[in-house]
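Chemist: Next comes protein.pdb, PDB, C-alpha atoms:
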ATOM      1  CA  MET A   1     -74.430 -52.654 -41.899
ATOM      2  CA  ARG A   2     -72.941 -49.391 -42.928
ATOM      3  CA  PRO A   3     -70.701 -47.478 -40.520
ATOM      4  CA  GLN A   4     -73.318 -44.759 -40.323
ATOM      5  CA  GLN A   5     -75.916 -47.274 -39.177
ATOM      6  CA  HIS A   6     -73.519 -48.656 -36.539
ATOM      7  CA  PHE A   7     -72.970 -45.176 -35.277
ATOM      8  CA  LEU A   8     -76.696 -44.513 -34.984
ATOM      9  CA  VAL A   9     -77.220 -47.738 -33.048
ATOM     10  CA  LEU A  10     -74.431 -46.795 -30.704
ATOM     11  CA  ILE A  11     -75.943 -43.355 -30.158
ATOM     12  CA  LEU A  12     -79.301 -44.879 -29.277
ATOM     13  CA  CYS A  13     -77.647 -47.174 -26.764
ATOM     14  CA  LEU A  14     -75.811 -44.299 -25.237
ATOM     15  CA  LEU A  15     -79.027 -42.290 -24.934
ATOM     16  CA  GLN A  16     -80.617 -45.147 -23.007
ATOM     17  CA  CYS A  17     -77.661 -45.261 -20.629
ATOM     18  CA  VAL A  18     -77.582 -41.493 -19.923
ATOM     19  CA  PRO A  19     -79.592 -41.744 -16.630
ATOM     20  CA  LEU A  20     -77.077 -44.263 -15.299
ATOM     21  CA  PHE A  21     -74.180 -42.042 -16.237
ATOM     22  CA  GLN A  22     -75.857 -39.008 -14.656
ATOM     23  CA  ALA A  23     -76.212 -40.804 -11.342
ATOM     24  CA  SER A  24     -72.589 -41.859 -11.443
ATOM     25  CA  ALA A  25     -71.453 -38.415 -12.502
ATOM     26  CA  ALA A  26     -73.169 -36.842  -9.563
ATOM     27  CA  ALA A  27     -70.661 -38.554  -7.297
ATOM     28  CA  THR A  28     -67.529 -38.003  -9.444
ATOM     29  CA  GLY A  29     -68.342 -34.636 -10.893
ATOM     30  CA  SER A  30     -67.547 -35.664 -14.547
ATOM     31  CA  VAL A  31     -68.001 -38.561 -16.988
ATOM     32  CA  ARG A  32     -65.838 -39.406 -20.006
ATOM     33  CA  ILE A  33     -67.509 -41.376 -22.838
ATOM     34  CA  SER A  34     -65.250 -43.072 -25.330
ATOM     35  CA  THR A  35     -66.269 -44.642 -28.599
ATOM     36  CA  SER A  36     -64.310 -46.114 -31.354
ATOM     37  CA  SER A  37     -64.530 -42.921 -33.396
ATOM     38  CA  HIS A  38     -65.534 -40.153 -31.002
ATOM     39  CA  THR A  39     -64.677 -39.181 -27.500
ATOM     40  CA  LYS A  40     -67.081 -37.007 -25.631
ATOM     41  CA  GLU A  41     -66.671 -35.613 -22.221
ATOM     42  CA  ILE A  42     -69.742 -34.750 -20.349
ATOM     43  CA  ALA A  43     -69.071 -32.625 -17.319
ATOM     44  CA  HIS A  44     -71.592 -32.093 -14.691
ATOM     45  CA  HIS A  45     -71.214 -29.325 -12.219
ATOM     46  CA  ARG A  46     -73.781 -29.989  -9.619
ATOM     47  CA  SER A  47     -73.697 -29.630  -5.827
ATOM     48  CA  VAL A  48     -75.446 -32.409  -4.074
ATOM     49  CA  ILE A  49     -76.211 -32.054  -0.311
ATOM     50  CA  HIS A  50     -76.938 -35.230   1.553
ATOM     51  CA  ILE A  51     -78.772 -34.669   4.906
ATOM     52  CA  SER A  52     -78.413 -37.685   7.109
ATOM     53  CA  LYS A  53     -79.693 -36.031  10.324
ATOM     54  CA  ALA A  54     -81.054 -32.749  11.586
ATOM     55  CA  VAL A  55     -78.456 -30.019  11.824
ATOM     56  CA  SER A  56     -78.491 -28.252  15.202
ATOM     57  CA  SER A  57     -76.641 -25.196  16.443
ATOM     58  CA  PRO A  58     -75.492 -24.482  20.045
ATOM     59  CA  ALA A  59     -78.235 -21.883  20.297
ATOM     60  CA  ALA A  60     -80.803 -24.476  19.272
ATOM     61  CA  LYS A  61     -79.492 -26.977  21.815
ATOM     62  CA  ALA A  62     -79.733 -24.466  24.749
ATOM     63  CA  PRO A  63     -83.032 -24.598  26.665
ATOM     64  CA  ALA A  64     -85.385 -21.724  26.157
ATOM     65  CA  ALA A  65     -84.985 -18.984  28.801
ATOM     66  CA  PRO A  66     -87.965 -18.761  31.153
ATOM     67  CA  ALA A  67     -90.186 -15.790  30.677
ATOM     68  CA  ALA A  68     -89.516 -12.902  33.048
ATOM     69  CA  PRO A  69     -92.024 -12.871  35.919
ATOM     70  CA  THR A  70     -94.636 -10.185  35.806
ATOM     71  CA  PRO A  71     -93.856  -7.531  38.419
ATOM     72  CA  VAL A  72     -96.287  -7.394  41.320
ATOM     73  CA  ASP A  73     -98.611  -4.390  41.191
ATOM     74  CA  ILE A  74     -98.954  -3.820  44.920
ATOM     75  CA  THR A  75    -101.513  -1.032  44.804
ATOM     76  CA  ALA A  76    -103.670  -2.999  42.345
ATOM     77  CA  VAL A  77    -103.822  -5.902  44.807
ATOM     78  CA  MET A  78    -104.760  -3.493  47.601
ATOM     79  CA  ALA A  79    -107.453  -1.757  45.578
ATOM     80  CA  LYS A  80    -109.139  -5.006  44.541
ATOM     81  CA  LYS A  81    -109.405  -6.304  48.106
ATOM     82  CA  GLY A  82    -110.817  -3.491  50.218
ATOM     83  CA  CYS A  83    -107.929  -1.002  50.524
ATOM     84  CA  GLY A  84    -108.712   1.255  47.582
ATOM     85  CA  THR A  85    -108.398   4.525  49.530
ATOM     86  CA  PHE A  86    -104.925   3.714  50.822
ATOM     87  CA  ALA A  87    -103.819   2.421  47.412
ATOM     88  CA  GLY A  88    -105.000   5.643  45.771
ATOM     89  CA  LEU A  89    -102.933   7.721  48.197
ATOM     90  CA  VAL A  90     -99.819   5.675  47.400
ATOM     91  CA  ASP A  91    -100.344   6.066  43.651
ATOM     92  CA  SER A  92    -100.868   9.822  44.059
ATOM     93  CA  ILE A  93     -97.325  10.299  45.417
ATOM     94  CA  PRO A  94     -94.689   9.079  42.916
ATOM     95  CA  ASP A  95     -91.972   8.717  45.561
ATOM     96  CA  ALA A  96     -94.207   6.443  47.632
ATOM     97  CA  ALA A  97     -95.188   4.245  44.683
ATOM     98  CA  GLN A  98     -91.563   3.996  43.534
ATOM     99  CA  THR A  99     -90.321   3.056  47.009
ATOM    100  CA  PHE A 100     -92.895   0.292  47.319
ATOM    101  CA  ALA A 101     -92.051  -1.070  43.867
ATOM    102  CA  SER A 102     -88.267  -0.926  44.320
ATOM    103  CA  ASN A 103     -88.434  -3.076  47.458
ATOM    104  CA  VAL A 104     -90.414  -5.923  45.890
ATOM    105  CA  ASP A 105     -87.404  -7.944  44.704
ATOM    106  CA  GLY A 106     -85.597  -7.721  48.033
ATOM    107  CA  GLY A 107     -88.672  -8.581  50.112
ATOM    108  CA  LEU A 108     -91.648  -6.498  51.218
ATOM    109  CA  THR A 109     -94.475  -6.780  53.742
ATOM    110  CA  ALA A 110     -97.222  -4.161  53.456
ATOM    111  CA  PHE A 111    -100.075  -3.396  55.864
ATOM    112  CA  CYS A 112    -102.938  -1.529  54.212
ATOM    113  CA  PRO A 113    -105.755  -0.007  56.286
ATOM    114  CA  LEU A 114    -109.226  -0.954  55.096
ATOM    115  CA  ASP A 115    -111.443   1.735  53.604
ATOM    116  CA  HIS A 116    -113.651   2.032  56.692
ATOM    117  CA  ALA A 117    -110.529   2.797  58.771
ATOM    118  CA  MET A 118    -109.163   5.350  56.302
ATOM    119  CA  LYS A 119    -112.335   7.418  56.006
ATOM    120  CA  PRO A 120    -112.255   9.011  59.502
ATOM    121  CA  PHE A 121    -108.481   9.474  59.249
ATOM    122  CA  LEU A 122    -108.458  11.503  56.011
ATOM    123  CA  PRO A 123    -108.843  14.929  57.736
ATOM    124  CA  LYS A 124    -105.666  14.245  59.731
ATOM    125  CA  TYR A 125    -103.873  13.095  56.584
ATOM    126  CA  LYS A 126    -104.776  16.229  54.658
ATOM    127  CA  ASN A 127    -103.279  18.426  57.400
ATOM    128  CA  LEU A 128     -99.852  16.771  57.061
ATOM    129  CA  THR A 129     -96.993  18.276  55.080
ATOM    130  CA  ALA A 130     -95.806  16.631  51.867
ATOM    131  CA  ASP A 131     -92.969  14.907  53.739
ATOM    132  CA  GLY A 132     -95.377  13.864  56.464
ATOM    133  CA  LYS A 133     -97.751  12.255  53.962
ATOM    134  CA  LEU A 134     -94.892  10.323  52.370
ATOM    135  CA  SER A 135     -93.629   9.127  55.752
ATOM    136  CA  LEU A 136     -97.093   8.006  56.823
ATOM    137  CA  LEU A 137     -97.577   5.877  53.698
ATOM    138  CA  LEU A 138     -94.099   4.322  53.961
ATOM    139  CA  TYR A 139     -94.782   3.659  57.643
ATOM    140  CA  HIS A 140     -97.210   0.948  56.517
ATOM    141  CA  ALA A 141     -94.571  -1.300  54.925
ATOM    142  CA  VAL A 142     -91.573  -3.304  56.149
ATOM    143  CA  PRO A 143     -88.564  -3.990  53.851
ATOM    144  CA  VAL A 144     -88.596  -7.697  54.782
ATOM    145  CA  TYR A 145     -90.855 -10.550  53.697
ATOM    146  CA  TYR A 146     -92.924 -11.918  56.609
ATOM    147  CA  SER A 147     -95.177 -14.873  55.945
ATOM    148  CA  VAL A 148     -98.225 -15.588  58.082
ATOM    149  CA  PRO A 149     -96.430 -18.231  60.204
ATOM    150  CA  MET A 150     -93.519 -15.843  60.769
ATOM    151  CA  LEU A 151     -95.845 -13.131  62.028
ATOM    152  CA  LYS A 152     -97.680 -15.543  64.294
ATOM    153  CA  THR A 153     -94.512 -16.794  65.965
ATOM    154  CA  GLY A 154     -92.445 -13.621  66.205
ATOM    155  CA  ASN A 155     -92.692 -10.604  68.480
ATOM    156  CA  GLY A 156     -90.610  -7.475  68.494
ATOM    157  CA  VAL A 157     -89.825  -4.068  67.050
ATOM    158  CA  VAL A 158     -89.297  -3.781  63.279
ATOM    159  CA  ASN A 159     -88.180  -0.956  61.007
ATOM    160  CA  THR A 160     -90.442   0.385  58.279
ATOM    161  CA  LEU A 161     -89.778   1.972  54.898
ATOM    162  CA  ALA A 162     -90.081   5.339  56.653
ATOM    163  CA  THR A 163     -87.276   4.622  59.141
ATOM    164  CA  ASP A 164     -84.520   7.200  58.760
ATOM    165  CA  GLY A 165     -81.724   6.660  61.241
ATOM    166  CA  THR A 166     -82.143   7.216  64.955
ATOM    167  CA  SER A 167     -83.623  10.698  64.748
ATOM    168  CA  LYS A 168     -86.799   9.363  63.176
ATOM    169  CA  ASN A 169     -87.305   5.752  64.142
ATOM    170  CA  TYR A 170     -90.724   5.142  62.610
ATOM    171  CA  ASN A 171     -90.770   1.673  64.157
ATOM    172  CA  ILE A 172     -93.739  -0.586  64.871
ATOM    173  CA  THR A 173     -94.079  -3.442  67.345
ATOM    174  CA  VAL A 174     -95.414  -6.796  66.183
ATOM    175  CA  GLN A 175     -97.221  -8.855  68.816
ATOM    176  CA  ASN A 176     -99.333 -11.972  68.623
ATOM    177  CA  GLU A 177    -101.711 -13.867  70.822
ATOM    178  CA  GLY A 178    -102.662 -17.196  69.318
ATOM    179  CA  ASP A 179    -103.851 -16.597  65.759
ATOM    180  CA  GLN A 180    -104.301 -12.844  66.230
ATOM    181  CA  VAL A 181    -101.458 -10.560  65.137
ATOM    182  CA  THR A 182    -101.414  -6.914  66.236
ATOM    183  CA  LEU A 183     -99.271  -3.944  65.226
ATOM    184  CA  LYS A 184     -98.656  -1.363  67.930
ATOM    185  CA  THR A 185     -97.430   2.209  67.910
ATOM    186  CA  ARG A 186     -97.375   4.710  70.759
ATOM    187  CA  LEU A 187    -100.748   5.974  69.550
ATOM    188  CA  THR A 188    -102.645   3.127  67.908
ATOM    189  CA  VAL A 189    -103.134  -0.630  67.934
ATOM    190  CA  ALA A 190    -104.114  -2.317  64.657
ATOM    191  CA  THR A 191    -105.109  -5.945  64.055
ATOM    192  CA  ILE A 192    -104.416  -7.930  60.900
ATOM    193  CA  THR A 193    -107.814  -9.011  59.581
ATOM    194  CA  THR A 194    -107.123 -10.507  56.131
ATOM    195  CA  THR A 195    -104.248 -11.795  54.021
ATOM    196  CA  LEU A 196    -104.423 -10.129  50.605
ATOM    197  CA  MET A 197    -101.262 -11.746  49.232
ATOM    198  CA  ASP A 198     -98.613 -14.068  50.665
ATOM    199  CA  LYS A 199     -96.167 -15.143  47.990
ATOM    200  CA  ASP A 200     -92.451 -14.828  48.624
ATOM    201  CA  PRO A 201     -90.991 -12.188  48.365
ATOM    202  CA  VAL A 202     -94.181 -10.104  48.814
ATOM    203  CA  ALA A 203     -96.868 -10.225  51.499
ATOM    204  CA  ILE A 204     -99.803  -7.806  51.842
ATOM    205  CA  TYR A 205    -102.148  -7.767  54.838
ATOM    206  CA  ALA A 206    -105.273  -5.719  55.610
ATOM    207  CA  ILE A 207    -105.510  -4.005  59.010
ATOM    208  CA  ASP A 208    -108.452  -2.429  60.834
ATOM    209  CA  GLU A 209    -106.745   0.809  61.956
ATOM    210  CA  VAL A 210    -104.384   3.383  60.483
ATOM    211  CA  LEU A 211    -100.890   3.192  61.977
ATOM    212  CA  GLU A 212    -100.132   6.634  63.420
ATOM    213  CA  PRO A 213     -96.443   7.267  64.185
ATOM    214  CA  ALA A 214     -95.546   9.348  67.215
ATOM    215  CA  GLU A 215     -93.099  11.231  64.977
ATOM    216  CA  LEU A 216     -96.071  12.849  63.204
ATOM    217  CA  PHE A 217     -98.820  12.918  65.801
ATOM    218  CA  LYS A 218     -98.526  13.944  69.425
ATOM    219  CA  PRO A 219     -99.825  11.456  71.980
ATOM    220  CA  VAL A 220    -103.069  12.517  73.595
ATOM    221  CA  GLU A 221    -102.284  13.432  77.198
ATOM    222  CA  ALA A 222    -104.540  12.029  79.887
ATOM    223  CA  PRO A 223    -106.592  14.739  81.645
ATOM    224  CA  ALA A 224    -105.124  15.852  84.964
ATOM    225  CA  PRO A 225    -107.100  14.736  88.030
ATOM    226  CA  ALA A 226    -109.340  17.407  89.570
ATOM    227  CA  PRO A 227    -107.832  19.012  92.713
ATOM    228  CA  ALA A 228    -109.287  17.905  96.024
ATOM    229  CA  PRO A 229    -111.623  20.477  97.646
ATOM    230  CA  GLU A 230    -109.954  22.586 100.347
ATOM    231  CA  PRO A 231    -111.324  22.176 103.879
ATOM    232  CA  SER A 232    -113.566  25.019 105.041
ATOM    233  CA  LYS A 233    -111.916  27.543 107.395
ATOM    234  CA  LYS A 234    -115.026  27.982 109.488
ATOM    235  CA  LYS A 235    -115.647  25.210 111.890
ATOM    236  CA  LYS A 236    -119.130  24.014 111.992
ATOM    237  CA  ALA A 237    -120.844  24.333 115.368
ATOM    238  CA  ALA A 238    -121.421  21.113 117.154
ATOM    239  CA  PRO A 239    -125.013  20.044 116.894
ATOM    240  CA  LYS A 240    -127.116  20.820 119.977
ATOM    241  CA  ALA A 241    -128.219  17.919 122.055
ATOM    242  CA  ARG A 242    -131.855  17.244 121.628
ATOM    243  CA  LYS A 243    -134.001  17.369 124.745
ATOM    244  CA  SER A 244    -135.512  14.138 125.629
ATOM    245  CA  SER A 245    -139.265  14.137 125.661
ATOM    246  CA  LYS A 246    -139.240  11.797 128.616
ATOM    247  CA  ALA A 247    -139.059  13.439 132.081
ATOM    248  CA  SER A 248    -136.062  12.428 134.113
ATOM    249  CA  PRO A 249    -136.769  10.971 137.552
ATOM    250  CA  PRO A 250    -136.675  13.504 140.462
ATOM    251  CA  ALA A 251    -133.446  13.750 142.362
ATOM    252  CA  PRO A 252    -133.461  12.634 145.962
ATOM    253  CA  ALA A 253    -134.619  15.258 148.467
ATOM    254  CA  GLY A 254    -132.007  17.286 150.364
ATOM    255  CA  PRO A 255    -131.876  18.032 154.083
ATOM    256  CA  GLU A 256    -134.556  20.717 153.780
ATOM    257  CA  GLY A 257    -136.908  18.634 151.784
ATOM    258  CA  GLN A 258    -135.823  20.207 148.483
ATOM    259  CA  PRO A 259    -134.298  18.287 145.747
ATOM    260  CA  ALA A 260    -130.537  18.300 145.869
ATOM    261  CA  ASP A 261    -130.154  19.837 142.455
ATOM    262  CA  GLN A 262    -132.687  22.581 143.288
ATOM    263  CA  THR A 263    -130.871  23.417 146.568
ATOM    264  CA  ALA A 264    -127.587  23.635 144.763
ATOM    265  CA  ALA A 265    -129.207  25.824 142.166
ATOM    266  CA  ASP A 266    -130.653  28.152 144.844
ATOM    267  CA  ASP A 267    -127.334  28.394 146.615
ATOM    268  CA  GLU A 268    -125.635  29.343 143.431
ATOM    269  CA  SER A 269    -128.282  31.985 142.563
ATOM    270  CA  PRO A 270    -126.765  35.547 142.677
ATOM    271  CA  ALA A 271    -130.028  37.098 143.889
ATOM    272  CA  ARG A 272    -130.208  34.773 146.839
ATOM    273  CA  ARG A 273    -126.637  35.489 147.828
ATOM    274  CA  SER A 274    -127.389  39.186 147.758
ATOM    275  CA  VAL A 275    -130.474  38.841 150.029
ATOM    276  CA  VAL A 276    -128.559  36.722 152.498
ATOM    277  CA  GLY A 277    -125.802  39.341 152.647
ATOM    278  CA  TRP A 278    -128.201  42.201 153.374
ATOM    279  CA  SER A 279    -129.988  40.202 156.004
ATOM    280  CA  ALA A 280    -126.743  39.517 157.820
ATOM    281  CA  ALA A 281    -125.782  43.170 157.668
ATOM    282  CA  ALA A 282    -129.147  44.250 159.067
ATOM    283  CA  ALA A 283    -128.947  41.756 161.915
ATOM    284  CA  THR A 284    -125.495  43.057 162.842
ATOM    285  CA  LEU A 285    -126.726  46.634 162.828
ATOM    286  CA  VAL A 286    -129.703  45.796 165.084
ATOM    287  CA  ALA A 287    -127.458  43.998 167.519
ATOM    288  CA  ALA A 288    -125.144  46.985 167.707
ATOM    289  CA  LEU A 289    -127.982  49.393 168.426
ATOM    290  CA  VAL A 290    -129.313  47.140 171.194
ATOM    291  CA  MET A 291    -125.974  47.003 172.893
ATOM    292  CA  ALA A 292    -125.554  50.733 172.647
ATOM    293  CA  ALA A 293    -128.884  51.378 174.344
TER     294      ALA A 293
END
Now that the file is in, can you turn its structure into structure tokens?

Modeler:
Amino acid sequence: MRPQQHFLVLILCLLQCVPLFQASAAATGSVRISTSSHTKEIAHHRSVIHISKAVSSPAAKAPAAPAAPTPVDITAVMAKKGCGTFAGLVDSIPDAAQTFASNVDGGLTAFCPLDHAMKPFLPKYKNLTADGKLSLLLYHAVPVYYSVPMLKTGNGVVNTLATDGTSKNYNITVQNEGDQVTLKTRLTVATITTTLMDKDPVAIYAIDEVLEPAELFKPVEAPAPAPAPEPSKKKKAAPKARKSSKASPPAPAGPEGQPADQTAADDESPARRSVVGWSAAAATLVAALVMAA
């Protein structure tokens, strides 16, 4: 065979072996091919990435952060469960709504009067000053979480959100008798009727009366007792003895055959004493004239 033919055969063999050389070159980065007459260098510049396992970062390994809890909308809970009037008053005063909301994380127990209790109280509420309205609304919440069992087993005086030092106590007294829990002020007594929400750190209860603080409303004084009637200055005359319709028995007769009481009556008669006196005087005068003759 001619040298040219040998060269062509060699080229064909090399072309068949190219895939094998490419695979080997991927690992070494270059391949040198030598022949008897030519030397060719085939360089391969390829980047091969071998992934043996999933690549993870520290951020991927960390557990997903829990979603932030949805803040409790206190007035929405009140409005949906029979305390819409009270909830509307709280929402109408920004300071009141903000104070309620800011105490949720630290613990809050709210007492909302039912609508039927708020209706007759609204005229009193409207007559309060702006500060008085705010204090009244805050008076219906305690900055501590009290569950139902805690209320049923504890008695005593507690501060409210309206408490401001000793000058304005704004305290309420919690009392219980069996399953019934009452809230007392100097003016009103309210009973917890329904639990609207009891999930730590927030509890909301419905009450049947509006809590009226003595700091805003004066206690109703009991009417003074009526004075006793003075005794009359004029003495009443003693009642006359009634005459008996029955005749009394006659008294025994006296020495002269007259009844003793009649004789005594005659002796005591002034006319009779006068006649007796004149008769004695006349008898004396007659006797004197006889002796003179």

Chemist: CA of Val148 (chain A) to CA of Val104 (chain A): how many Å, to one decimal?

Modeler: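 Spanning CA of Val148 (chain A) to CA of Val104 (chain A) is a straight-line distance of 17.4 Å.
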
Chemist: Taking all atoms listed in the file into account, which of A:Gln175, A:Ser147, A:Ser167, A:Thr160 comes nearest Thr195 (chain A)?

Modeler: A:Ser147

Chemist: Can you turn the PyMOL selection byres ((chain A and resi 71) around 12) into a concrete residue list for this file, as a list in words?

Modeler: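 Applied to this file, the PyMOL selection byres ((chain A and resi 71) around 12) selects Ala67, Ala68, Pro69, Thr70, Val72, Asp73, Ile74, Thr75, Ala76, Val77, Phe100, Ala101, Ser102, Asn103, Val104, Asp105, Pro201 and Val202 of chain A.
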
Chemist: Please measure the separation of CA of Thr153 (chain A) and CA of Ala79 (chain A), giving the value in Å to one decimal.

Modeler: 28.4 Å

Chemist: So, with all atoms listed in the file as the atoms that count, which of A:Pro149, A:Gly156, A:Pro113, A:Gly165 lies closest to Lys81 (chain A)?

Modeler: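 Of A:Pro149, A:Gly156, A:Pro113, A:Gly165, the one nearest Lys81 (chain A), counting all atoms listed in the file, is A:Pro113.
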